[in-house]
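K.L.:
The structure under discussion is supplied below as structure tokens; questions concerning it will follow.
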Amino acid sequence: MLILLGVFAVVPVALPSLVRRIGARAFYVAALVPIAAFVHTAWLTPAVLSGSIPFEAYDWIRPLGIQLSMRMDTLAWVMALIVTGVGALVMIYCRSYFRGKDEGLGQFSAVLLAFAGAMYGLVLTDDIVVLVMFWELTSVLSYLLIGYYNRRAASRRAALQALQVTTLGGLVMLIGVVLLVVQAGTSSLSTILAETPTGAVVDAALVLILVGALSKSAIFPFHFWLPGAMAAPTPVSAYLHAAAMVKAGIYLIALFAPAYAESPVWRPIVIGLGAFTMLLGGVQALRETDLKRILAFGTVSQLGLLTVVLGYGTRDAALAGIALLISHALFKSALFLVVGIIDRQLSTRDIGELSGVGRQAPTLAVFSALAVASMAGVIPTLGFVAKEGALTALLHEASGGAAWAIVAVIAVTLGSMLTAAYGIRFVWGAFWTKKDAAGAALPPTAWPDPPFSFFVSPVLLSSLGVIAGFATAPLDAALATYADTAPAASAGVAAPEHVSHLALWHGFEPALWISIATLVIGAALFGLTAKATWSRRLLPFTAADVYNAALRGIARLSVITTSFTQRGSLPVYVGTIFVVFVAAEGTALLAGSDWRADLAAFHTPMQLVVAPIMIVAGLIAVRARKRYTGVVLVSVTGLGMVILFATSGAPDLALTQILVETVTLVAFALVLRRIPARMGEHNASVWPVARAVLAGAVGLTMAMVAIVATAAREAAPISGSFADLAYEIGHGKNVVNVALVDLRGWDTMGELSVLILAATGVASLVFVTHRADTLSTLNALPSELPRDRRPLIETADGIRPRGEGGSRRMAWLVGGQRVDPANRSIMLEVVVRILFHTIIVVSLYLLFAGHNLPGGGFAGGLVAGMALVMRYVAGGPYELGAAAPTDAGRLLGAGMALAVATAVVPIFFGQAPLTSVFIEADLPVIGHVEFVTSTLFDIGVYLVVIGLVLDVLRSLGAEVDRQAHELRETGPRAGVGV
């Protein structure tokens, strides 16, 4: 099971490229994965039904006791068969549905298969924390699937609405899961349900978990997102909104009901909201004219029915409920696929525009009618068997005086009437010959015959609903193993005299007469409402109105908050941060009663020399009136820190500090080109005295924090052992580097993420319209480039664009030819030409030597970045493209992916993340060689830092140059400023 879950995760990665090669036929390949999972699940059937529950587990987060565990009991077995079986048929159906449509199909196929894998993991996992992770993953993937038509505003709104509602429910559920895990002392679902901890905290946890379940399964008041999600392609509706995603909440209710149905909070929520949802969805389905929306509101109604029956929590209700669950997955997915065929062939789903389709497509009409019969509960379908079993179970509870059973019986009866009515409405609307106001038959809608492969999935699903009706004996034997986990009757009600069984015929029992009555009254109700027009709302306001009003309120509050706090003044922002810092830290310092100080005048004589210089530079920087002067003076303080680090036994920090200062100075210089040279040229500084007071307060507070914090330590610091730990655990002598990539690798991972976010943020501000990297097109063939953009080469006649002359030698600093002669420095070009390769080699040396000597991935990456800076300064943006003909985002992504892979790979070998392996060997000629796998992590850091510098140069340098040139060429109206 774990292997199959891994396959579900890996195969989607390859699907986009496969779609580019073979088009929609890639869905056949994608279908092989759920088919394999279905076959494996079916192969485990004897073990599941015999009580020998298959179980696989892998310790994931050992300190928290969280496992990647897969457990297949009867309920999970049923859900796995539904998820994989219907998933495979839907993917086969997609081949015909998306025939001739290739746009975005690669991503869609990958996300659909990944969603199937997430659902497979959700229904089989035995760890409730991992279940929450799969739960949220299905929400994210469903967002991508619902929003497939991303150019349509309706699709984007529907996708976002579904994501927000289900994610909010999932976050609430997470709180409940945490409370339940704390009370139970374990995250194992099977253990929690076996031991059933109770109490007020557990009741609160159940309420929160139910919020998540009800939101996922579109139960009132969260029901409104499901009809909106019909903006998705029909295969998504058939799978997510009939067989899979919406079943996740039902599955959770079915999982907890046998153990917690007697909880005082359970039945009021589950029965009350489920019953109301059943009736609300049924009534609204009768008002719709769109076939897909009829099924959508019908699904809402059916989900309410499933919630009531499976959530009631007795043995007979559980047996009928799980049969109803299977029946619903079959008939509703079949009906959605039928709508997809009609929509694909006729480009309409409006019942007012369809007439006489049934005579032209009799096969489709017959199997649609069979699916509707199962939905309405007509003998001999599985729907009839399940509905009669549910009514019998609830009638027994109601006759015993159970109040919520009485509510359930009434709701199920009324809901069944509505189901019959909107089921007939669907068949009539899709296939019947309509008549005009005068009673004459309307001309039949032209029906182009679809390919046979289009019919396979809906016909098979519809047929299974009837076949299962005749196979009730083996089905009863299989499903009874789940039903037997629930009590025979609720508290205060006597157990039934006979154990209920699924069967087509139980005799003339009350449930049978109720079923017949619901069908008759439902047919009459359809007759009364078939041609009715509904101009008014069913309710004065709906849950969707509340949702939209909440969004508008949040948006208005955001505008008010932003307009109050975001005034567009950087000094105000920085000043606010400093005021809060002084107030918070100053309060903490004054509240402290035990201050100790361990001060020394100096630690090294160099501090007496450097500190005054740094102080003087800082004071002069405050008085500077030119921006570049101020930047240089600020850099003096940074260079002073370099000297202090170097003389205090920290060469790594000194090397990194000087590189950071240099790169920062370059970044400032790039920015300063686009703003006035003198400070206060447009807006003079205000409140200088207040600024000086605040600056002094910040400095004094920070100094006091440093003094108090360093003297407050009582235990020996762990850093004293870093030297030994670095050598023993990380196999390196450079404590700083080993700490970054091994001992504290998670911190470095977070810092890499921050660097990538910073680079992306800067680029997003500068690249106004798009982020197409035109510089990297230097790798293109010369014939594909305009003459003025071809790389320059050296020929016998001098420098020429490639393609003009016989030589293919490229001029080394090709960008220099395009630099304005007034800004060109031949001496600088010569120096860069001599030093560039040497600097790159030095950066590689720092990278690989950093484990034992000063250096490492960060320092090496900065040195390589400085080489790129030199190329840019010497030759301009075109030279930068020649030096690094690749997109900066690829370097950032590759570096982060390598670092993450280094962290994750040890997990597959039973080790903690980021565990390093030390390899040593004696090689011929080379001699003794040592290698630590954490070096791979350092290479990831190296790539990220180079990507960061390149991104800064591309955005603040090359792109700003391009925009400035465009502004000069086209004028201020057409240009884009920064």
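Following the order of the structure tokens, chains are lettered A, B, ..., residues in each are numbered from 1, and ligands are numbered from 1.
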With a distance cut-off of 10 Å and only C-alpha atoms, select the neighbouring residues of A:Gly850, excluding the residue or stretch itself and same-chain residues fewer than 4 positions from it, and output the selection as an MDAnalysis selection string.
P.N.:
chainID A and resid 652 732:738 844:846 854:860 935 938
K.L.:
Please save C-alpha atoms of the selected residues as a PDB file, in the first residue's frame.
P.N.:
```pdb
ATOM      1  CA  ASP A 652      34.402  32.234   8.238  1.00  0.00           C
ATOM      2  CA  GLY A 732      34.391  18.418   9.566  1.00  0.00           C
ATOM      3  CA  LYS A 733      36.762  20.803  11.284  1.00  0.00           C
ATOM      4  CA  ASN A 734      35.009  24.011  10.238  1.00  0.00           C
ATOM      5  CA  VAL A 735      32.501  24.439  13.066  1.00  0.00           C
ATOM      6  CA  VAL A 736      30.526  27.175  11.320  1.00  0.00           C
ATOM      7  CA  ASN A 737      30.038  25.261   8.083  1.00  0.00           C
ATOM      8  CA  VAL A 738      29.210  21.953   9.757  1.00  0.00           C
ATOM      9  CA  LEU A 844      34.453  26.224  -6.160  1.00  0.00           C
ATOM     10  CA  TYR A 845      37.444  25.820  -3.864  1.00  0.00           C
ATOM     11  CA  LEU A 846      35.608  27.620  -1.062  1.00  0.00           C
ATOM     12  CA  PRO A 854      37.028  28.722   5.938  1.00  0.00           C
ATOM     13  CA  GLY A 855      34.435  28.796   3.165  1.00  0.00           C
ATOM     14  CA  GLY A 856      31.325  26.805   2.357  1.00  0.00           C
ATOM     15  CA  GLY A 857      28.387  27.054  -0.001  1.00  0.00           C
ATOM     16  CA  PHE A 858      27.280  30.519   1.112  1.00  0.00           C
ATOM     17  CA  ALA A 859      30.733  32.095   0.820  1.00  0.00           C
ATOM     18  CA  GLY A 860      31.488  30.252  -2.414  1.00  0.00           C
ATOM     19  CA  THR A 935      28.381  18.612   0.951  1.00  0.00           C
ATOM     20  CA  ASP A 938      26.133  22.876   0.666  1.00  0.00           C
TER      21      ASP A 938
END
```
K.L.:
Would you mind writing down, as a VMD selection string, each residue of stretch 889-944 of chain A that DSSP on the backbone assigns to helix (DSSP H, G or I)?
P.N.:
chain A and resid 889 to 909 934 to 944
K.L.:
Export N, CA and C atoms of the chosen residues as an mmCIF file, in the first residue's frame?
P.N.:
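Just written: result.cif:
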```
data_model
loop_
_atom_site.group_PDB
_atom_site.id
_atom_site.type_symbol
_atom_site.label_atom_id
_atom_site.label_comp_id
_atom_site.auth_asym_id
_atom_site.auth_seq_id
_atom_site.Cartn_x
_atom_site.Cartn_y
_atom_site.Cartn_z
ATOM 1 N N GLY A 889 15.674 31.771 -11.806
ATOM 2 C CA GLY A 889 14.724 30.934 -11.087
ATOM 3 C C GLY A 889 15.092 29.461 -11.136
ATOM 4 N N ARG A 890 15.724 29.023 -12.224
ATOM 5 C CA ARG A 890 16.129 27.628 -12.309
ATOM 6 C C ARG A 890 17.240 27.321 -11.312
ATOM 7 N N LEU A 891 18.173 28.255 -11.163
ATOM 8 C CA LEU A 891 19.236 28.046 -10.177
ATOM 9 C C LEU A 891 18.659 28.021 -8.768
ATOM 10 N N LEU A 892 17.753 28.949 -8.486
ATOM 11 C CA LEU A 892 17.123 28.971 -7.168
ATOM 12 C C LEU A 892 16.358 27.678 -6.902
ATOM 13 N N GLY A 893 15.588 27.253 -7.892
ATOM 14 C CA GLY A 893 14.808 26.032 -7.717
ATOM 15 C C GLY A 893 15.684 24.797 -7.610
ATOM 16 N N ALA A 894 16.727 24.719 -8.451
ATOM 17 C CA ALA A 894 17.608 23.554 -8.404
ATOM 18 C C ALA A 894 18.345 23.473 -7.072
ATOM 19 N N GLY A 895 18.795 24.624 -6.577
ATOM 20 C CA GLY A 895 19.490 24.621 -5.290
ATOM 21 C C GLY A 895 18.586 24.214 -4.151
ATOM 22 N N MET A 896 17.362 24.748 -4.141
ATOM 23 C CA MET A 896 16.432 24.395 -3.077
ATOM 24 C C MET A 896 16.033 22.932 -3.177
ATOM 25 N N ALA A 897 15.820 22.449 -4.402
ATOM 26 C CA ALA A 897 15.445 21.047 -4.582
ATOM 27 C C ALA A 897 16.562 20.120 -4.106
ATOM 28 N N LEU A 898 17.813 20.488 -4.386
ATOM 29 C CA LEU A 898 18.939 19.660 -3.949
ATOM 30 C C LEU A 898 19.049 19.647 -2.427
ATOM 31 N N ALA A 899 18.846 20.820 -1.816
ATOM 32 C CA ALA A 899 18.904 20.877 -0.349
ATOM 33 C C ALA A 899 17.777 20.062 0.282
ATOM 34 N N VAL A 900 16.580 20.179 -0.278
ATOM 35 C CA VAL A 900 15.447 19.428 0.258
ATOM 36 C C VAL A 900 15.662 17.929 0.064
ATOM 37 N N ALA A 901 16.182 17.547 -1.109
ATOM 38 C CA ALA A 901 16.431 16.123 -1.362
ATOM 39 C C ALA A 901 17.450 15.567 -0.370
ATOM 40 N N THR A 902 18.479 16.358 -0.073
ATOM 41 C CA THR A 902 19.463 15.917 0.911
ATOM 42 C C THR A 902 18.832 15.721 2.280
ATOM 43 N N ALA A 903 17.828 16.541 2.571
ATOM 44 C CA ALA A 903 17.145 16.413 3.862
ATOM 45 C C ALA A 903 16.197 15.224 3.890
ATOM 46 N N VAL A 904 15.570 14.936 2.758
ATOM 47 C CA VAL A 904 14.504 13.928 2.729
ATOM 48 C C VAL A 904 15.027 12.517 2.492
ATOM 49 N N VAL A 905 16.052 12.374 1.672
ATOM 50 C CA VAL A 905 16.529 11.038 1.295
ATOM 51 C C VAL A 905 16.826 10.148 2.500
ATOM 52 N N PRO A 906 17.474 10.666 3.572
ATOM 53 C CA PRO A 906 17.745 9.767 4.715
ATOM 54 C C PRO A 906 16.498 9.122 5.313
ATOM 55 N N ILE A 907 15.330 9.768 5.141
ATOM 56 C CA ILE A 907 14.101 9.200 5.696
ATOM 57 C C ILE A 907 13.821 7.824 5.099
ATOM 58 N N PHE A 908 14.120 7.667 3.804
ATOM 59 C CA PHE A 908 13.839 6.397 3.132
ATOM 60 C C PHE A 908 14.784 5.281 3.573
ATOM 61 N N PHE A 909 15.807 5.638 4.322
ATOM 62 C CA PHE A 909 16.735 4.637 4.857
ATOM 63 C C PHE A 909 16.604 4.505 6.372
ATOM 64 N N SER A 934 26.644 15.783 3.408
ATOM 65 C CA SER A 934 26.150 17.136 3.670
ATOM 66 C C SER A 934 26.744 18.146 2.693
ATOM 67 N N THR A 935 27.820 17.749 1.987
ATOM 68 C CA THR A 935 28.381 18.612 0.951
ATOM 69 C C THR A 935 27.351 18.867 -0.149
ATOM 70 N N LEU A 936 26.501 17.870 -0.410
ATOM 71 C CA LEU A 936 25.434 18.058 -1.395
ATOM 72 C C LEU A 936 24.478 19.164 -0.959
ATOM 73 N N PHE A 937 24.189 19.191 0.344
ATOM 74 C CA PHE A 937 23.361 20.266 0.885
ATOM 75 C C PHE A 937 24.048 21.613 0.649
ATOM 76 N N ASP A 938 25.374 21.645 0.856
ATOM 77 C CA ASP A 938 26.133 22.876 0.666
ATOM 78 C C ASP A 938 26.125 23.299 -0.802
ATOM 79 N N ILE A 939 26.126 22.324 -1.714
ATOM 80 C CA ILE A 939 26.040 22.665 -3.133
ATOM 81 C C ILE A 939 24.694 23.326 -3.426
ATOM 82 N N GLY A 940 23.632 22.842 -2.777
ATOM 83 C CA GLY A 940 22.333 23.490 -2.921
ATOM 84 C C GLY A 940 22.369 24.931 -2.450
ATOM 85 N N VAL A 941 23.034 25.174 -1.312
ATOM 86 C CA VAL A 941 23.200 26.542 -0.819
ATOM 87 C C VAL A 941 23.955 27.381 -1.840
ATOM 88 N N TYR A 942 25.010 26.812 -2.402
ATOM 89 C CA TYR A 942 25.841 27.487 -3.400
ATOM 90 C C TYR A 942 24.998 27.940 -4.594
ATOM 91 N N LEU A 943 24.157 27.043 -5.106
ATOM 92 C CA LEU A 943 23.318 27.377 -6.260
ATOM 93 C C LEU A 943 22.283 28.439 -5.920
ATOM 94 N N VAL A 944 21.695 28.345 -4.723
ATOM 95 C CA VAL A 944 20.696 29.334 -4.319
ATOM 96 C C VAL A 944 21.310 30.723 -4.226
#
```
K.L.:
Which one is closest to A:Ala408: A:Ala715, A:Val632, A:Ala275, A:Ala153? Count only C-alpha atoms.
P.N.:
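Answer, going by the shortest atom-to-atom distance: A:Ala275.
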K.L.:
Please, what distance in Å, to one decimal, runs between atom CA of A:Thr84 and atom CA of A:Phe336?
P.N.:
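Atom CA of A:Thr84 sits 17.4 Å away from atom CA of A:Phe336.
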K.L.:
Which residue is closest to A:Ser593? Choose from A:Phe276, A:Ala712, A:Thr701, A:Gly311 and count only C-alpha atoms.
P.N.:
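Looking at the shortest contact to A:Ser593, the residue is A:Ala712.
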K.L.:
Which is closer to A:Ile342 than all the others in A:Leu370, A:Leu670, A:Ala430, A:Ile92, using only C-alpha atoms?
P.N.:
A:Ala430
K.L.:
Excluding stretch 635-643 of chain A and any residue of its chain fewer than 3 positions from it, enumerate the residues within 6 Å of it, using only C-alpha atoms, and give them as a ChimeraX atom specification.
P.N.:
/A:610,614,632,646,654,657
K.L.:
Could the residues in this selection be saved with N, CA and C atoms as a compact mmCIF listing (two decimals), in the first residue's frame?
P.N.:
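Written output follows (out.txt):
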```txt
# COMPACT_ATOMS: atom_id res chain seq x y z
N VAL A 610 39.28 49.74 15.93
CA VAL A 610 38.19 49.66 14.95
C VAL A 610 36.91 50.31 15.44
N MET A 614 34.27 52.88 13.44
CA MET A 614 32.89 52.53 13.11
C MET A 614 31.91 53.56 13.66
N VAL A 632 28.25 54.30 1.39
CA VAL A 632 29.67 53.95 1.60
C VAL A 632 30.03 54.04 3.08
N ALA A 646 37.66 38.85 12.10
CA ALA A 646 38.94 38.23 11.72
C ALA A 646 39.91 38.17 12.88
N ALA A 654 34.18 36.49 9.02
CA ALA A 654 34.82 37.63 8.37
C ALA A 654 34.70 37.54 6.86
N GLN A 657 31.08 38.14 5.89
CA GLN A 657 30.69 39.53 6.12
C GLN A 657 31.20 40.44 5.01
```
K.L.:
Which residue gives the smallest distance to A:Ser416 among A:Ala692, A:Gly304, A:Gly469, A:Val366, with only C-alpha atoms counted?
P.N.:
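Closest candidate: A:Gly304.
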K.L.:
Name the residues in contact with A:Gly575 at a cut-off of 12 Å, using only C-alpha atoms, excluding same-chain residues fewer than 3 positions from it; report them as JSON, numbers by chain.
P.N.:
{"A": [569, 570, 571, 572, 578, 579, 580, 581, 582, 687, 690, 691, 692, 693, 694, 695, 697, 698]}
K.L.:
Take the residues from that selection and write them out as a PDB file, in the first residue's frame, keeping N, CA and C atoms.
P.N.:
```
ATOM      1  N   SER A 569       5.163  55.660   3.603  1.00  0.00           N
ATOM      2  CA  SER A 569       6.358  56.312   4.126  1.00  0.00           C
ATOM      3  C   SER A 569       7.248  55.264   4.785  1.00  0.00           C
ATOM      4  N   LEU A 570       8.418  55.037   4.199  1.00  0.00           N
ATOM      5  CA  LEU A 570       9.351  54.075   4.782  1.00  0.00           C
ATOM      6  C   LEU A 570       9.799  54.487   6.185  1.00  0.00           C
ATOM      7  N   PRO A 571      10.087  55.778   6.437  1.00  0.00           N
ATOM      8  CA  PRO A 571      10.461  56.149   7.812  1.00  0.00           C
ATOM      9  C   PRO A 571       9.374  55.832   8.840  1.00  0.00           C
ATOM     10  N   VAL A 572       8.103  55.969   8.434  1.00  0.00           N
ATOM     11  CA  VAL A 572       7.021  55.653   9.368  1.00  0.00           C
ATOM     12  C   VAL A 572       7.022  54.165   9.685  1.00  0.00           C
ATOM     13  N   PHE A 578      10.683  50.260  15.342  1.00  0.00           N
ATOM     14  CA  PHE A 578      11.618  50.621  16.411  1.00  0.00           C
ATOM     15  C   PHE A 578      10.894  51.023  17.697  1.00  0.00           C
ATOM     16  N   VAL A 579       9.766  51.732  17.549  1.00  0.00           N
ATOM     17  CA  VAL A 579       9.013  52.125  18.750  1.00  0.00           C
ATOM     18  C   VAL A 579       8.497  50.895  19.481  1.00  0.00           C
ATOM     19  N   VAL A 580       7.952  49.932  18.714  1.00  0.00           N
ATOM     20  CA  VAL A 580       7.477  48.699  19.340  1.00  0.00           C
ATOM     21  C   VAL A 580       8.630  47.952  19.998  1.00  0.00           C
ATOM     22  N   PHE A 581       9.783  47.930  19.341  1.00  0.00           N
ATOM     23  CA  PHE A 581      10.948  47.244  19.898  1.00  0.00           C
ATOM     24  C   PHE A 581      11.366  47.872  21.220  1.00  0.00           C
ATOM     25  N   VAL A 582      11.477  49.198  21.243  1.00  0.00           N
ATOM     26  CA  VAL A 582      11.901  49.877  22.475  1.00  0.00           C
ATOM     27  C   VAL A 582      10.872  49.675  23.580  1.00  0.00           C
ATOM     28  N   TRP A 687      11.036  65.897  11.533  1.00  0.00           N
ATOM     29  CA  TRP A 687      11.231  65.490  12.917  1.00  0.00           C
ATOM     30  C   TRP A 687      12.628  64.907  13.158  1.00  0.00           C
ATOM     31  N   ALA A 690      13.207  63.974  16.882  1.00  0.00           N
ATOM     32  CA  ALA A 690      12.505  62.761  17.285  1.00  0.00           C
ATOM     33  C   ALA A 690      13.212  61.524  16.744  1.00  0.00           C
ATOM     34  N   ARG A 691      13.713  61.626  15.517  1.00  0.00           N
ATOM     35  CA  ARG A 691      14.444  60.485  14.947  1.00  0.00           C
ATOM     36  C   ARG A 691      15.711  60.199  15.742  1.00  0.00           C
ATOM     37  N   ALA A 692      16.407  61.265  16.112  1.00  0.00           N
ATOM     38  CA  ALA A 692      17.642  61.074  16.878  1.00  0.00           C
ATOM     39  C   ALA A 692      17.352  60.448  18.238  1.00  0.00           C
ATOM     40  N   VAL A 693      16.280  60.890  18.878  1.00  0.00           N
ATOM     41  CA  VAL A 693      15.919  60.331  20.185  1.00  0.00           C
ATOM     42  C   VAL A 693      15.557  58.852  20.043  1.00  0.00           C
ATOM     43  N   LEU A 694      14.764  58.544  19.006  1.00  0.00           N
ATOM     44  CA  LEU A 694      14.377  57.147  18.800  1.00  0.00           C
ATOM     45  C   LEU A 694      15.595  56.289  18.480  1.00  0.00           C
ATOM     46  N   ALA A 695      16.506  56.817  17.652  1.00  0.00           N
ATOM     47  CA  ALA A 695      17.707  56.054  17.318  1.00  0.00           C
ATOM     48  C   ALA A 695      18.543  55.792  18.562  1.00  0.00           C
ATOM     49  N   ALA A 697      17.445  55.646  21.615  1.00  0.00           N
ATOM     50  CA  ALA A 697      16.723  54.681  22.457  1.00  0.00           C
ATOM     51  C   ALA A 697      16.892  53.260  21.952  1.00  0.00           C
ATOM     52  N   VAL A 698      16.854  53.085  20.619  1.00  0.00           N
ATOM     53  CA  VAL A 698      17.051  51.749  20.046  1.00  0.00           C
ATOM     54  C   VAL A 698      18.445  51.234  20.359  1.00  0.00           C
TER      55      VAL A 698
END
```
K.L.:
Go through A:Val754, A:Val90, A:Val708, A:Ala257 and flag the residue nearest A:Gly340, using only C-alpha atoms for the distances.
P.N.:
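For A:Gly340, the nearest of the candidates is A:Val90.
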K.L.:
Could you give me, as a list in words, the residues within 7 Å of stretch 220-236 of chain A, counting only C-alpha atoms and dropping anything in the same chain fewer than 4 positions from it?
P.N.:
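Listing them by chain and then by number gives Val90, Cys94, Leu145, Ile146, Gly147, Tyr148, Ala154, Ser155, Ala158, Ala159, Gln161, Ala162, Ser215, Leu240, Leu273, Thr277, Lys292, Arg293, Ala296, Phe297, Val300, Phe336, Leu337, Gly340, Ala543 and Ala544 of chain A.
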K.L.:
Keeping C-alpha atoms for every residue in the selection just given, could you write it to a file as an mmCIF file, in the first residue's frame?
P.N.:
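The file below, out.cif, is the result:
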```
data_model
loop_
_atom_site.group_PDB
_atom_site.id
_atom_site.type_symbol
_atom_site.label_atom_id
_atom_site.label_comp_id
_atom_site.auth_asym_id
_atom_site.auth_seq_id
_atom_site.Cartn_x
_atom_site.Cartn_y
_atom_site.Cartn_z
ATOM 1 C CA VAL A 90 -13.076 8.634 -15.021
ATOM 2 C CA CYS A 94 -11.166 11.746 -19.991
ATOM 3 C CA LEU A 145 -9.001 20.922 -10.798
ATOM 4 C CA ILE A 146 -12.057 23.118 -10.301
ATOM 5 C CA GLY A 147 -10.151 26.089 -11.700
ATOM 6 C CA TYR A 148 -9.023 24.229 -14.834
ATOM 7 C CA ALA A 154 -16.610 31.870 -12.803
ATOM 8 C CA SER A 155 -14.123 28.992 -12.631
ATOM 9 C CA ALA A 158 -15.667 28.654 -7.765
ATOM 10 C CA ALA A 159 -12.210 27.183 -7.208
ATOM 11 C CA GLN A 161 -14.642 29.428 -2.874
ATOM 12 C CA ALA A 162 -14.245 25.654 -2.603
ATOM 13 C CA SER A 215 -17.500 21.378 5.192
ATOM 14 C CA LEU A 240 -14.440 14.723 -6.861
ATOM 15 C CA LEU A 273 -27.793 19.395 9.725
ATOM 16 C CA THR A 277 -29.327 19.626 3.897
ATOM 17 C CA LYS A 292 -25.326 19.602 -14.070
ATOM 18 C CA ARG A 293 -26.786 21.857 -11.388
ATOM 19 C CA ALA A 296 -25.167 19.171 -8.014
ATOM 20 C CA PHE A 297 -28.054 20.015 -5.710
ATOM 21 C CA VAL A 300 -26.014 17.938 -1.776
ATOM 22 C CA PHE A 336 -22.282 13.258 -14.197
ATOM 23 C CA LEU A 337 -20.439 11.430 -16.978
ATOM 24 C CA GLY A 340 -20.473 15.386 -19.850
ATOM 25 C CA ALA A 543 -25.298 30.643 2.886
ATOM 26 C CA ALA A 544 -23.567 31.871 -0.266
#
```
K.L.:
If we count only C-alpha atoms, what is near A:Glu56 at a cut-off of 12 Å, once residues fewer than 2 positions away on the same chain are taken out, given as a short mmCIF file (atom, residue, chain, number, x, y, z; two decimals) with C-alpha atoms, in the first residue's frame?
P.N.:
```cif
data_model
loop_
_atom_site.label_atom_id
_atom_site.label_comp_id
_atom_site.auth_asym_id
_atom_site.auth_seq_id
_atom_site.Cartn_x
_atom_site.Cartn_y
_atom_site.Cartn_z
CA MET A 1 0.00 0.00 0.00
CA LEU A 2 2.83 2.39 0.82
CA ILE A 3 4.51 1.52 -2.47
CA LEU A 4 1.32 2.27 -4.38
CA LEU A 5 1.03 5.57 -2.55
CA ILE A 53 -6.57 -6.43 8.63
CA PRO A 54 -3.63 -5.54 6.34
CA TYR A 58 6.74 3.52 8.63
CA ASP A 59 7.94 5.73 11.47
CA GLN A 67 3.63 7.25 11.28
CA LEU A 68 3.05 6.84 7.58
CA SER A 69 0.68 3.98 8.26
CA MET A 70 -1.83 2.24 6.02
CA ARG A 71 -4.60 0.11 7.50
CA MET A 72 -7.32 -1.53 5.42
CA LEU A 124 -6.22 4.10 4.24
CA THR A 125 -4.05 6.02 6.69
CA ASP A 126 -4.28 4.97 10.32
CA ASP A 127 -2.67 8.14 11.66
#
```
K.L.:
Pick from A:Ile250, A:Ile406, A:Leu475, A:Leu354: nearest to A:Val385, with only C-alpha atoms counted?
P.N.:
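Nearest candidate to A:Val385 out of A:Ile250, A:Ile406, A:Leu475, A:Leu354: A:Leu475.
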K.L.:
Any idea what's packed within 9 Å of A:Val832, counting only C-alpha atoms, ignoring anything in its chain fewer than 6 positions away? Could you give it as a compact mmCIF listing (two decimals) with N, CA and C atoms, in the first residue's frame?
P.N.:
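Wrote part.txt, looks like this:
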```txt
# COMPACT_ATOMS: atom_id res chain seq x y z
N LEU A 813 34.47 39.31 -24.05
CA LEU A 813 33.53 40.25 -23.43
C LEU A 813 32.65 40.83 -24.53
N ALA A 867 31.81 37.42 -9.27
CA ALA A 867 32.33 37.29 -10.63
C ALA A 867 31.28 37.73 -11.64
N MET A 870 31.13 41.47 -11.68
CA MET A 870 32.22 42.03 -12.49
C MET A 870 31.86 42.00 -13.97
N ARG A 871 31.33 40.88 -14.44
CA ARG A 871 30.96 40.79 -15.85
C ARG A 871 29.89 41.82 -16.20
N ALA A 874 31.41 45.37 -16.23
CA ALA A 874 32.30 45.58 -17.36
C ALA A 874 31.57 45.62 -18.69
```
K.L.:
Please return, as a ChimeraX atom specification, all residues of stretch 54-186 of chain A that DSSP assigns to strand (DSSP E or B) on the basis of the backbone.
P.N.:
/A:55-61,66-71,125,127
K.L.:
One number please: atom CA of A:Ala584 to atom CA of A:Met704, in Å, one decimal.
P.N.:
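About the pair atom CA of A:Ala584 and atom CA of A:Met704: they are 13.1 Å apart.
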K.L.:
What is the atom CA of A:Ser109 to atom CA of A:Val13 distance in Å?
P.N.:
10.0 Å
